[in-house]
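Participant: Structure file upload-v9.cif, mmCIF, C-alpha atoms, is pasted below:
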```
data_query
#
loop_
_atom_site.label_atom_id
_atom_site.label_comp_id
_atom_site.auth_asym_id
_atom_site.auth_seq_id
_atom_site.Cartn_x
_atom_site.Cartn_y
_atom_site.Cartn_z
CA MET X 1 -11.48 -87.66 49.35
CA ASN X 2 -12.40 -91.03 47.95
CA GLY X 3 -16.10 -90.49 47.47
CA GLU X 4 -18.10 -91.37 44.46
CA TYR X 5 -17.55 -87.97 42.99
CA SER X 6 -14.39 -86.07 43.46
CA LEU X 7 -14.50 -82.41 44.26
CA ASP X 8 -11.30 -81.99 42.33
CA THR X 9 -12.78 -82.42 38.87
CA THR X 10 -12.37 -78.76 38.24
CA GLU X 11 -14.21 -78.49 35.00
CA GLY X 12 -15.35 -75.09 36.03
CA MET X 13 -13.32 -72.11 36.81
CA ALA X 14 -12.35 -69.67 39.44
CA ALA X 15 -14.87 -67.06 38.40
CA SER X 16 -12.89 -64.02 39.38
CA GLY X 17 -9.42 -65.45 38.83
CA ASP X 18 -7.15 -63.30 36.71
CA PRO X 19 -5.65 -64.83 33.63
CA PRO X 20 -1.89 -65.36 33.90
CA THR X 21 0.07 -62.41 32.59
CA ASN X 22 3.63 -61.17 32.59
CA ASN X 23 2.98 -59.93 36.09
CA ALA X 24 3.57 -63.49 37.19
CA VAL X 25 7.28 -62.97 36.50
CA ASP X 26 7.34 -59.79 38.59
CA ASP X 27 5.50 -61.59 41.39
CA TYR X 28 8.10 -64.30 41.30
CA ASP X 29 10.93 -61.77 41.56
CA ALA X 30 9.19 -60.01 44.43
CA GLU X 31 8.82 -63.30 46.23
CA GLU X 32 12.48 -64.10 45.72
CA ALA X 33 13.47 -60.70 47.07
CA LEU X 34 11.28 -61.17 50.11
CA GLU X 35 12.79 -64.55 50.78
CA ARG X 36 16.31 -63.13 50.57
CA GLN X 37 15.34 -60.35 52.95
CA ARG X 38 13.94 -62.85 55.43
CA GLU X 39 17.14 -64.83 55.16
CA GLU X 40 19.29 -61.74 55.78
CA GLU X 41 17.14 -60.65 58.70
CA ASN X 42 17.40 -64.03 60.30
CA LYS X 43 21.16 -63.54 60.57
CA ILE X 44 20.44 -60.72 63.01
CA LYS X 45 20.11 -62.23 66.47
CA ILE X 46 17.80 -60.84 69.10
CA LYS X 47 17.53 -61.75 72.76
CA LEU X 48 14.42 -63.06 74.47
CA LYS X 49 14.08 -63.21 78.24
CA SER X 50 12.03 -65.87 79.98
CA PHE X 51 9.78 -65.30 82.97
CA GLU X 52 12.48 -66.90 85.09
CA GLY X 53 15.10 -64.49 83.77
CA GLY X 54 16.98 -66.74 81.34
CA VAL X 55 18.11 -64.99 78.13
CA TYR X 56 18.04 -66.83 74.79
CA GLU X 57 19.26 -65.71 71.37
CA CYS X 58 17.14 -66.17 68.31
CA GLY X 59 17.18 -65.16 64.62
CA LEU X 60 15.05 -62.10 63.91
CA THR X 61 12.85 -63.74 61.26
CA ALA X 62 12.42 -66.76 63.53
CA ALA X 63 11.51 -64.58 66.51
CA LYS X 64 8.91 -62.79 64.40
CA MET X 65 7.00 -66.08 64.09
CA SER X 66 5.70 -64.95 67.45
CA VAL X 67 3.08 -62.37 66.54
CA MET X 68 3.55 -60.89 69.99
CA VAL X 69 7.30 -60.41 69.53
CA ALA X 70 6.76 -59.09 65.99
CA ASN X 71 4.31 -56.50 67.34
CA MET X 72 6.71 -55.48 70.10
CA LEU X 73 9.51 -55.03 67.55
CA ASP X 74 7.21 -53.01 65.30
CA ALA X 75 6.39 -50.77 68.22
CA LEU X 76 10.09 -49.94 68.62
CA GLN X 77 9.97 -48.27 65.18
CA GLU X 78 13.64 -49.12 64.73
CA THR X 79 14.67 -48.68 61.09
CA ASP X 80 18.19 -49.93 61.64
CA LEU X 81 17.54 -53.60 62.31
CA THR X 82 21.11 -54.32 63.40
CA LYS X 83 20.50 -52.10 66.42
CA ILE X 84 17.82 -54.49 67.57
CA ALA X 85 20.54 -57.05 68.21
CA THR X 86 22.26 -54.87 70.80
CA ARG X 87 19.04 -53.96 72.62
CA GLU X 88 18.04 -55.22 76.01
CA PRO X 89 16.41 -58.66 75.83
CA ILE X 90 12.67 -58.70 75.19
CA PRO X 91 10.93 -59.81 78.40
CA LEU X 92 8.18 -62.43 78.10
CA GLN X 93 5.89 -61.83 81.05
CA ASN X 94 3.94 -65.02 81.46
CA ASP X 95 4.72 -67.75 83.95
CA ALA X 96 4.42 -70.44 81.27
CA VAL X 97 7.51 -68.98 79.59
CA THR X 98 10.00 -70.85 81.78
CA ASN X 99 13.66 -71.24 80.85
CA LYS X 100 13.03 -74.75 79.58
CA ALA X 101 9.96 -73.70 77.58
CA LEU X 102 11.69 -70.72 75.99
CA GLU X 103 14.71 -72.81 75.09
CA LYS X 104 12.43 -75.27 73.29
CA ILE X 105 10.46 -72.49 71.63
CA VAL X 106 13.63 -70.90 70.27
CA GLU X 107 14.68 -74.32 68.98
CA TRP X 108 11.33 -74.64 67.20
CA VAL X 109 11.25 -71.22 65.54
CA ASP X 110 14.91 -71.56 64.53
CA HIS X 111 13.98 -74.75 62.72
CA HIS X 112 10.79 -73.37 61.18
CA TRP X 113 11.66 -69.75 60.38
CA ASP X 114 11.43 -70.28 56.62
CA ASP X 115 8.01 -71.98 56.70
CA PRO X 116 5.40 -70.29 54.53
CA PRO X 117 3.21 -68.10 56.76
CA ILE X 118 -0.12 -69.53 57.92
CA ASP X 119 -3.00 -67.94 56.08
CA PRO X 120 -6.39 -68.74 57.58
CA ASP X 121 -8.16 -67.80 54.35
CA PHE X 122 -6.03 -70.13 52.34
CA ASP X 123 -7.99 -72.91 50.69
CA ASP X 124 -5.60 -75.55 51.98
CA GLU X 125 -6.16 -74.56 55.61
CA LYS X 126 -8.27 -77.62 56.24
CA GLU X 127 -5.74 -79.86 54.56
CA ARG X 128 -2.90 -78.46 56.64
CA ARG X 129 -4.88 -78.88 59.84
CA ASN X 130 -5.46 -82.53 59.05
CA GLU X 131 -1.90 -83.19 57.98
CA GLU X 132 0.20 -85.39 60.21
CA LEU X 133 3.08 -83.84 62.09
CA SER X 134 6.48 -84.04 60.43
CA HIS X 135 9.02 -86.42 61.86
CA TRP X 136 11.00 -83.49 63.24
CA ASP X 137 7.97 -81.95 64.96
CA LYS X 138 6.96 -85.31 66.41
CA GLN X 139 10.35 -85.77 68.01
CA PHE X 140 10.40 -82.17 69.12
CA ILE X 141 7.05 -82.31 70.92
CA ASP X 142 7.36 -85.80 72.38
CA ILE X 143 8.15 -84.54 75.88
CA ALA X 144 7.83 -86.94 78.78
CA ASP X 145 7.16 -84.28 81.42
CA GLN X 146 3.58 -83.17 80.85
CA GLY X 147 4.04 -79.99 82.90
CA GLU X 148 6.83 -78.96 80.57
CA LEU X 149 4.78 -79.84 77.51
CA PHE X 150 1.87 -77.72 78.76
CA ASP X 151 4.30 -74.87 79.52
CA ILE X 152 5.45 -74.91 75.90
CA ILE X 153 1.92 -74.94 74.52
CA ALA X 154 0.72 -72.21 76.89
CA ALA X 155 3.86 -70.14 76.22
CA ALA X 156 3.49 -70.56 72.44
CA ASN X 157 -0.13 -69.50 72.79
CA PHE X 158 0.89 -66.48 74.87
CA MET X 159 3.56 -65.53 72.34
CA ASP X 160 1.06 -66.19 69.55
CA ILE X 161 3.10 -68.70 67.54
CA LYS X 162 0.26 -70.38 65.67
CA GLY X 163 2.33 -73.12 64.07
CA LEU X 164 3.75 -74.31 67.37
CA VAL X 165 0.38 -74.26 69.14
CA GLU X 166 -0.85 -76.39 66.26
CA VAL X 167 1.97 -78.89 66.81
CA GLY X 168 0.98 -79.11 70.49
CA ALA X 169 -2.69 -79.51 69.66
CA LYS X 170 -2.04 -82.33 67.20
CA HIS X 171 0.23 -84.02 69.72
CA ILE X 172 -2.43 -83.98 72.46
CA CYS X 173 -4.97 -85.14 69.92
CA ASN X 174 -2.78 -88.14 69.04
CA LYS X 175 -2.19 -88.91 72.70
CA ILE X 176 -5.84 -89.19 73.65
CA LYS X 177 -6.94 -91.05 70.50
CA GLY X 178 -8.69 -94.29 71.34
CA LYS X 179 -8.57 -93.69 75.09
CA SER X 180 -11.60 -93.98 77.35
CA CYS X 181 -13.10 -91.05 79.18
CA THR X 182 -11.54 -92.20 82.47
CA GLU X 183 -8.12 -92.63 80.86
CA VAL X 184 -8.22 -89.17 79.27
CA ARG X 185 -9.31 -87.61 82.55
CA GLU X 186 -6.45 -89.30 84.35
CA MET X 187 -3.90 -88.28 81.76
CA LEU X 188 -4.92 -84.63 81.54
CA LYS X 189 -5.62 -84.38 85.31
CA ILE X 190 -9.21 -83.30 84.81
CA HIS X 191 -11.38 -83.33 87.92
CA ASN X 192 -14.69 -85.08 87.25
CA ASP X 193 -17.48 -82.92 88.66
CA PHE X 194 -20.38 -84.92 87.24
CA THR X 195 -22.55 -87.11 89.40
CA PRO X 196 -22.55 -90.76 88.24
CA GLU X 197 -26.11 -90.19 86.96
CA GLU X 198 -25.14 -87.14 84.92
CA GLU X 199 -22.20 -88.95 83.43
CA ALA X 200 -24.31 -91.97 82.57
CA ALA X 201 -26.83 -89.68 80.84
CA ILE X 202 -24.11 -88.17 78.65
CA HIS X 203 -22.79 -91.61 77.74
CA LYS X 204 -26.28 -92.69 76.82
CA GLU X 205 -26.84 -89.64 74.65
CA ASN X 206 -23.56 -90.29 72.86
CA GLU X 207 -24.06 -94.00 72.37
CA TRP X 208 -24.28 -93.43 68.63
CA ILE X 209 -20.51 -92.81 68.55
CA TYR X 210 -19.95 -96.44 69.42
CA ALA X 211 -22.85 -97.76 67.33
CA LYS X 212 -20.91 -97.00 64.15
CA ASP X 213 -19.72 -100.56 63.58
CA MET T 1 -4.47 -72.91 91.07
CA TYR T 2 -4.01 -75.95 88.88
CA GLY T 3 -0.91 -78.10 88.74
CA LYS T 4 1.45 -77.58 85.82
CA ASP T 5 0.45 -80.90 84.29
CA ASN T 6 -3.28 -80.17 84.58
CA ILE T 7 -4.86 -79.20 81.27
CA ASP T 8 -7.40 -77.04 83.09
CA ARG T 9 -4.65 -74.45 83.55
CA PHE T 10 -5.35 -73.50 79.92
CA GLY T 11 -7.92 -70.77 79.26
CA ASP T 12 -11.09 -71.33 77.25
CA ASP T 13 -9.57 -69.95 74.03
CA LEU T 14 -6.64 -72.33 74.07
CA CYS T 15 -8.84 -75.31 75.01
CA GLY T 16 -11.22 -74.40 72.18
CA LEU T 17 -8.27 -74.28 69.81
CA LEU T 18 -7.09 -77.71 70.94
CA LEU T 19 -10.60 -79.11 70.49
CA SER T 20 -10.75 -77.71 66.98
CA TYR T 21 -8.15 -80.31 66.00
CA PHE T 22 -10.29 -83.16 67.26
CA SER T 23 -12.69 -85.03 65.03
CA PHE T 24 -16.42 -84.44 65.33
CA GLU T 25 -16.93 -87.61 67.36
CA ASP T 26 -13.83 -87.15 69.52
CA ARG T 27 -15.19 -83.77 70.61
CA PHE T 28 -18.34 -85.53 71.78
CA ARG T 29 -16.16 -87.98 73.66
CA CYS T 30 -14.75 -85.00 75.60
CA GLU T 31 -18.25 -84.10 76.77
CA CYS T 32 -18.09 -86.55 79.64
CA LEU T 33 -14.75 -85.33 81.06
CA SER T 34 -16.12 -82.57 83.28
CA LYS T 35 -18.71 -79.78 83.21
CA ARG T 36 -16.15 -77.33 81.85
CA TRP T 37 -15.10 -79.70 79.08
CA GLN T 38 -18.71 -80.45 78.25
CA ARG T 39 -19.32 -76.75 77.66
CA LEU T 40 -16.06 -76.33 75.73
CA ALA T 41 -16.69 -79.42 73.61
CA LEU T 42 -20.20 -78.34 72.62
CA GLU T 43 -19.14 -74.75 71.94
CA SER T 44 -16.37 -75.99 69.67
CA GLN T 45 -18.70 -78.05 67.47
CA LYS T 46 -18.66 -75.83 64.41
CA ASP T 47 -18.30 -78.40 61.66
CA LEU T 48 -20.74 -81.21 61.40
CA THR T 49 -18.38 -83.08 59.13
CA THR T 50 -18.58 -86.74 59.69
CA ASP T 51 -18.12 -90.00 57.90
CA PHE T 52 -20.65 -92.07 56.07
CA SER T 53 -21.45 -94.45 58.93
CA TYR T 54 -22.47 -91.62 61.22
CA ILE T 55 -24.56 -89.84 58.64
CA THR T 56 -26.37 -93.14 58.07
CA ILE T 57 -27.07 -93.35 61.80
CA PHE T 58 -28.45 -89.80 61.78
CA ARG T 59 -30.61 -90.51 58.75
CA LYS T 60 -32.12 -93.58 60.37
CA ASN T 61 -32.50 -91.91 63.78
CA PRO T 62 -33.49 -88.27 63.39
CA THR T 63 -33.76 -88.03 67.20
CA ILE T 64 -29.99 -88.48 67.52
CA PHE T 65 -29.48 -85.82 64.86
CA GLU T 66 -31.88 -83.57 66.71
CA SER T 67 -30.12 -84.02 70.07
CA ILE T 68 -26.83 -83.05 68.41
CA LEU T 69 -28.17 -79.94 66.68
CA LYS T 70 -29.98 -78.93 69.84
CA LYS T 71 -26.89 -78.89 72.04
CA CYS T 72 -24.41 -77.54 69.48
CA ALA T 73 -25.50 -73.95 68.91
CA ASN T 74 -22.40 -72.95 66.92
CA ILE T 75 -22.63 -75.25 63.93
CA GLU T 76 -21.46 -73.42 60.82
CA THR T 77 -20.74 -76.22 58.40
CA ILE T 78 -22.71 -79.31 57.51
CA GLY T 79 -21.09 -81.73 55.13
CA GLY T 80 -17.67 -81.22 53.66
CA ASN T 81 -18.03 -84.74 52.43
CA VAL T 82 -19.47 -86.07 49.19
CA LEU T 83 -21.54 -88.56 51.14
CA THR T 84 -23.50 -86.17 53.30
CA ILE T 85 -26.97 -87.52 52.77
CA ILE T 86 -29.67 -85.16 53.86
CA THR T 87 -33.32 -86.12 54.12
CA GLN T 88 -36.40 -84.01 54.61
CA PRO T 89 -36.60 -84.52 58.42
CA MET T 90 -32.88 -83.77 58.72
CA LEU T 91 -33.17 -80.58 56.71
CA GLU T 92 -36.12 -79.47 58.82
CA LEU T 93 -34.08 -79.99 61.99
CA VAL T 94 -31.24 -77.96 60.48
CA ILE T 95 -33.67 -75.13 59.78
CA LYS T 96 -35.09 -75.36 63.28
CA TYR T 97 -31.90 -75.55 65.35
CA CYS T 98 -28.98 -74.09 63.36
CA HIS T 99 -28.49 -70.36 63.46
CA ARG T 100 -24.93 -69.87 62.33
CA LEU T 101 -24.88 -72.19 59.35
CA ASN T 102 -22.83 -70.80 56.47
CA ALA T 103 -21.81 -73.88 54.50
CA MET T 104 -24.00 -76.74 53.42
CA ASP T 105 -23.20 -79.82 51.38
CA MET T 106 -26.08 -82.12 50.71
CA LYS T 107 -26.69 -85.24 48.75
CA ILE T 108 -30.19 -86.41 48.12
CA PRO T 109 -30.52 -90.17 47.67
CA ILE T 110 -32.62 -91.80 45.02
CA TYR T 111 -35.46 -92.87 47.32
CA VAL T 112 -35.76 -89.56 49.09
CA THR T 113 -37.27 -86.30 48.11
CA ILE T 114 -37.38 -82.97 49.82
CA SER T 115 -40.30 -80.66 49.42
CA ALA T 116 -39.86 -77.35 47.65
CA ASP T 117 -41.41 -75.71 50.66
CA THR T 118 -38.65 -76.99 52.97
CA ILE T 119 -35.95 -75.85 50.56
CA ASP T 120 -37.55 -72.42 50.37
CA LYS T 121 -37.57 -72.29 54.16
CA PHE T 122 -33.93 -73.31 54.23
CA PHE T 123 -32.93 -70.45 51.95
CA ALA T 124 -35.25 -68.01 53.68
CA LYS T 125 -33.29 -68.62 56.86
CA PHE T 126 -29.75 -69.02 55.53
CA ALA T 127 -29.50 -67.16 52.20
CA LYS T 128 -27.95 -64.11 53.86
CA GLN T 129 -25.16 -66.07 55.51
CA LEU T 130 -24.36 -68.97 53.17
CA ILE T 131 -20.85 -68.87 51.76
CA ARG T 132 -20.80 -72.39 50.36
CA PHE T 133 -23.52 -74.53 48.92
CA LYS T 134 -23.00 -77.92 47.31
CA TYR T 135 -25.63 -80.21 46.06
CA TRP T 136 -25.65 -83.74 44.71
CA SER T 137 -28.47 -85.91 43.57
CA TYR T 138 -28.45 -89.55 42.58
CA GLU T 139 -31.31 -89.50 40.17
CA PRO T 140 -32.00 -86.02 38.96
CA SER T 141 -34.42 -87.05 36.26
CA LEU T 142 -37.06 -88.12 38.77
CA PRO T 143 -39.87 -85.56 38.95
CA GLY T 144 -39.30 -84.91 42.66
CA ASN T 145 -35.65 -84.17 42.10
CA SER T 146 -36.14 -81.82 39.21
CA GLU T 147 -38.45 -79.85 41.46
CA ILE T 148 -35.70 -79.69 44.08
CA SER T 149 -33.25 -78.49 41.48
CA ALA T 150 -35.63 -75.84 40.19
CA THR T 151 -36.22 -74.62 43.74
CA ILE T 152 -32.52 -74.44 44.48
CA GLU T 153 -31.94 -72.61 41.23
CA LYS T 154 -34.62 -70.11 42.13
CA ASN T 155 -33.01 -69.40 45.49
CA ILE T 156 -29.30 -69.74 44.98
CA LEU T 157 -28.49 -66.40 43.42
CA ASP T 158 -30.15 -64.62 46.31
CA CYS T 159 -27.31 -65.86 48.50
CA HIS T 160 -25.17 -62.79 48.09
CA GLU T 161 -22.34 -63.98 50.32
CA LEU T 162 -21.82 -67.20 48.37
CA ARG T 163 -18.24 -67.94 47.40
CA GLU T 164 -18.53 -71.51 46.31
CA VAL T 165 -21.29 -73.33 44.49
CA PHE T 166 -21.20 -76.91 43.40
CA ASN T 167 -23.76 -78.85 41.47
CA CYS T 168 -22.87 -82.34 40.49
CA TYR T 169 -25.31 -83.39 37.78
CA LYS T 170 -24.68 -80.60 35.38
CA HIS T 171 -26.29 -82.30 32.41
CA GLN T 172 -29.52 -82.94 34.17
CA PHE T 173 -29.68 -79.42 35.57
CA PRO T 174 -28.91 -77.46 32.46
CA ARG T 175 -30.10 -74.19 33.83
CA LEU T 176 -28.65 -74.32 37.30
CA LEU T 177 -26.32 -71.38 37.34
CA LEU T 178 -24.17 -70.84 34.35
CA ASP T 179 -24.62 -73.37 31.62
CA TRP T 180 -25.73 -71.34 28.65
CA THR T 181 -26.39 -74.24 26.34
CA GLY T 182 -29.60 -73.63 24.46
CA GLN T 183 -30.42 -70.50 26.42
CA GLY T 184 -31.48 -67.23 24.90
CA VAL T 185 -29.91 -63.83 25.38
CA ASP T 186 -32.51 -62.81 27.97
CA TYR T 187 -31.67 -65.74 30.20
CA LYS T 188 -27.98 -64.99 30.00
CA GLN T 189 -28.53 -61.33 30.80
CA SER T 190 -30.81 -61.97 33.73
CA THR T 191 -28.39 -64.51 35.20
CA LEU T 192 -25.57 -62.03 34.79
CA ASP T 193 -27.62 -59.35 36.50
CA ARG T 194 -28.33 -61.63 39.42
CA LEU T 195 -24.74 -62.80 39.60
CA GLU T 196 -23.54 -59.25 39.95
CA LYS T 197 -25.19 -59.21 43.33
CA CYS T 198 -23.03 -62.13 44.39
CA PRO T 199 -19.58 -60.57 44.12
CA ASN T 200 -17.93 -63.16 46.32
CA ILE T 201 -18.43 -66.20 44.14
CA ARG T 202 -14.95 -67.48 43.40
CA THR T 203 -15.54 -71.07 42.47
CA ILE T 204 -18.23 -72.60 40.39
CA ILE T 205 -17.74 -76.26 39.72
CA GLY T 206 -19.77 -78.67 37.69
CA VAL T 207 -20.49 -76.45 34.73
CA PRO T 208 -19.14 -77.63 31.38
CA THR T 209 -18.35 -74.42 29.58
CA VAL T 210 -18.59 -71.10 31.28
CA PRO T 211 -17.83 -67.75 29.79
CA ARG T 212 -15.64 -65.50 31.87
CA LEU T 213 -17.91 -63.19 33.75
CA PHE T 214 -15.97 -60.77 35.84
#
```
Written as structure tokens, how would this file's structure read?
Facilitator:
Amino acid sequence: MNGEYSLDTTEGMAASGDPPTNNAVDDYDAEEALERQREEENKIKIKLKSFEGGVYECGLTAAKMSVMVANMLDALQETDLTKIATREPIPLQNDAVTNKALEKIVEWVDHHWDDPPIDPDFDDEKERRNEELSHWDKQFIDIADQGELFDIIAAANFMDIKGLVEVGAKHICNKIKGKSCTEVREMLKIHNDFTPEEEAAIHKENEWIYAKD
Amino acid sequence: MYGKDNIDRFGDDLCGLLLSYFSFEDRFRCECLSKRWQRLALESQKDLTTDFSYITIFRKNPTIFESILKKCANIETIGGNVLTIITQPMLELVIKYCHRLNAMDMKIPIYVTISADTIDKFFAKFAKQLIRFKYWSYEPSLPGNSEISATIEKNILDCHELREVFNCYKHQFPRLLLDWTGQGVDYKQSTLDRLEKCPNIRTIIGVPTVPRLF
């Protein structure tokens, strides 16, 4: 934000913010403990089964990045987590979850399992959304076969892995940047159902976009 | 059935999510793709957050601004940028066409004034739903602008959902919100009473010294 006035000159206060107390130390310990637990749990491997029948192993904490998988595991009400490892693979019943897609998804969650969880109420939400993809994510999502790419995004959406859907969204966003309407249509295989007149009217209405400079 | 590499295989929710990562103007660019994408693009316009050049275009051509507000029924945020200049005709269009607005950032330039009546109308429509309100003025000492500030002050604490308030020219608006300087006990008490009805306020910026309230 390079405007005339910066929003960050926090001369004010967070009105209802609590003053720091000794509780901060306890909070820190609790956080540490939680992190250790996540680390331990990720050593437990669970099996996921694609729509095509392929079975893939994945750390438990990583697998729980999928809200859908996490909910399914919760529903098992299994207190002994190690038993989860020996269970039948969890079936993912959506045709976007192909072998290839699931293999990539497991690769992604295995790399990202220790990311801080996404909190939509968090003040930095906007900042995170606008952040560029990391080098690793860029390489991960740069997939030549568009059908495969769309499988991964649709599968991640089905499995409710918000972070991965976000990576896909930013990737598509980067791909269509600066392209014309016709180019975007061609790339994303969108069928144009406007008459030439209708399309011209929309372009006319949106002329201001190009009038900027 | 769509081919695997056809983006139209995605449902509306996923497409809307993808569009939410596009910029304001890039979403409008998607309007011409197809009828489905036109609908999706307009539905996904929730934040009218744009750069200075566009806001200048809107200010000079209220008809463009009107056509945008008219077709984007879901706008929740206007601004998010220190340079969001809002003029009287623009504010009137916002009042007329926006129904879901919950965050407003406005800057009033030196040569522009907004009538107290329009500001009252703005708050009459949006006070119940506003969660953020930010206000800048170039030249607060002008008579027109001090009237604006007084009108905002009168209305702002009736916005009970407000979480964030920002007022740039604190010195020129000594009484806006919480600057106690030179104020008597009654003023402090009445402000406190009104603030109690706004339990969600978390951030108040632009006030030099503020006693802890909650």
Participant: Using only C-alpha atoms, which of the listed residues (X:Val167, X:Gly147, X:Lys175, X:Asn130) sits closest to chain T?
Facilitator: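 Using only C-alpha atoms, the shortest distance to chain T belongs to X:Gly147.
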Participant: Using the chain letters and numbering of this document, enumerate as a list of chain:residue names the residues selected by the PyMOL selection byres ((chain X and resi 72) around 12).
Facilitator: X:Leu48, X:Ala63, X:Lys64, X:Ser66, X:Val67, X:Met68, X:Val69, X:Ala70, X:Asn71, X:Leu73, X:Asp74, X:Ala75, X:Leu76, X:Gln77, X:Glu78, X:Ile84, X:Pro89, X:Ile90, X:Pro91, X:Leu92, X:Met159
Participant: For the selection just defined, write its residues with C-alpha atoms to a file, as a PDB file, in the frame of the given file.
Facilitator:
```
ATOM      1  CA  LEU X  48      14.420 -63.060  74.470  1.00  0.00           C
ATOM      2  CA  ALA X  63      11.510 -64.580  66.510  1.00  0.00           C
ATOM      3  CA  LYS X  64       8.910 -62.790  64.400  1.00  0.00           C
ATOM      4  CA  SER X  66       5.700 -64.950  67.450  1.00  0.00           C
ATOM      5  CA  VAL X  67       3.080 -62.370  66.540  1.00  0.00           C
ATOM      6  CA  MET X  68       3.550 -60.890  69.990  1.00  0.00           C
ATOM      7  CA  VAL X  69       7.300 -60.410  69.530  1.00  0.00           C
ATOM      8  CA  ALA X  70       6.760 -59.090  65.990  1.00  0.00           C
ATOM      9  CA  ASN X  71       4.310 -56.500  67.340  1.00  0.00           C
ATOM     10  CA  LEU X  73       9.510 -55.030  67.550  1.00  0.00           C
ATOM     11  CA  ASP X  74       7.210 -53.010  65.300  1.00  0.00           C
ATOM     12  CA  ALA X  75       6.390 -50.770  68.220  1.00  0.00           C
ATOM     13  CA  LEU X  76      10.090 -49.940  68.620  1.00  0.00           C
ATOM     14  CA  GLN X  77       9.970 -48.270  65.180  1.00  0.00           C
ATOM     15  CA  GLU X  78      13.640 -49.120  64.730  1.00  0.00           C
ATOM     16  CA  ILE X  84      17.820 -54.490  67.570  1.00  0.00           C
ATOM     17  CA  PRO X  89      16.410 -58.660  75.830  1.00  0.00           C
ATOM     18  CA  ILE X  90      12.670 -58.700  75.190  1.00  0.00           C
ATOM     19  CA  PRO X  91      10.930 -59.810  78.400  1.00  0.00           C
ATOM     20  CA  LEU X  92       8.180 -62.430  78.100  1.00  0.00           C
ATOM     21  CA  MET X 159       3.560 -65.530  72.340  1.00  0.00           C
TER      22      MET X 159
END
```
Participant: Please expand the PyMOL selection byres ((chain T and resi 47) around 10) into the concrete residues it hits in this file, giving the result as a PDB file with C-alpha atoms, keeping the file's coordinate frame.
Facilitator:
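Writing the result to result_20.pdb gives the following:
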```pdb
ATOM      1  CA  SER T  20     -10.750 -77.710  66.980  1.00  0.00           C
ATOM      2  CA  SER T  23     -12.690 -85.030  65.030  1.00  0.00           C
ATOM      3  CA  PHE T  24     -16.420 -84.440  65.330  1.00  0.00           C
ATOM      4  CA  SER T  44     -16.370 -75.990  69.670  1.00  0.00           C
ATOM      5  CA  GLN T  45     -18.700 -78.050  67.470  1.00  0.00           C
ATOM      6  CA  LYS T  46     -18.660 -75.830  64.410  1.00  0.00           C
ATOM      7  CA  LEU T  48     -20.740 -81.210  61.400  1.00  0.00           C
ATOM      8  CA  THR T  49     -18.380 -83.080  59.130  1.00  0.00           C
ATOM      9  CA  THR T  50     -18.580 -86.740  59.690  1.00  0.00           C
ATOM     10  CA  CYS T  72     -24.410 -77.540  69.480  1.00  0.00           C
ATOM     11  CA  ASN T  74     -22.400 -72.950  66.920  1.00  0.00           C
ATOM     12  CA  ILE T  75     -22.630 -75.250  63.930  1.00  0.00           C
ATOM     13  CA  GLU T  76     -21.460 -73.420  60.820  1.00  0.00           C
ATOM     14  CA  THR T  77     -20.740 -76.220  58.400  1.00  0.00           C
ATOM     15  CA  ILE T  78     -22.710 -79.310  57.510  1.00  0.00           C
ATOM     16  CA  GLY T  79     -21.090 -81.730  55.130  1.00  0.00           C
ATOM     17  CA  GLY T  80     -17.670 -81.220  53.660  1.00  0.00           C
ATOM     18  CA  LEU T 101     -24.880 -72.190  59.350  1.00  0.00           C
ATOM     19  CA  ALA T 103     -21.810 -73.880  54.500  1.00  0.00           C
TER      20      ALA T 103
END
```
Participant: Which is closest to chain T among X:Met187, X:Ala169, X:Ala156, X:Met65, if we use all atoms listed in the file?
Facilitator: X:Ala169
Participant: Taking every listed atom of segment 42-45 of chain X and adding 4 Å to each side, what centre and edge lengths in Å (one decimal) does the axis-aligned box have, as JSON?
Facilitator:
```
{"center_x": 19.3, "center_y": -62.4, "center_z": 63.4, "size_x": 11.8, "size_y": 11.3, "size_z": 14.2}
```
Participant: Quick one: apply the PyMOL selection byres ((chain T and resi 122-131) around 10) to the file and drop the selected residues here as a VMD selection string.
Facilitator: chain T and resid 76 to 77 91 to 92 94 to 96 98 to 104 116 to 121 132 to 133 151 to 152 154 to 165 200 to 201
Participant: Just give me the gap between atom CA of Thr61 of chain X and atom CA of Gly163 of chain X in Å, one decimal is fine.
Facilitator: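 Distance reported for this atom pair: 14.4 Å.
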Participant: Would you please work out which residue, of T:Ser53, T:Ser115, T:Ser149, T:Thr87, is nearest to chain X when using all atoms listed in the file?
Facilitator: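 Ranked by minimum distance to chain X, first place goes to T:Ser53.
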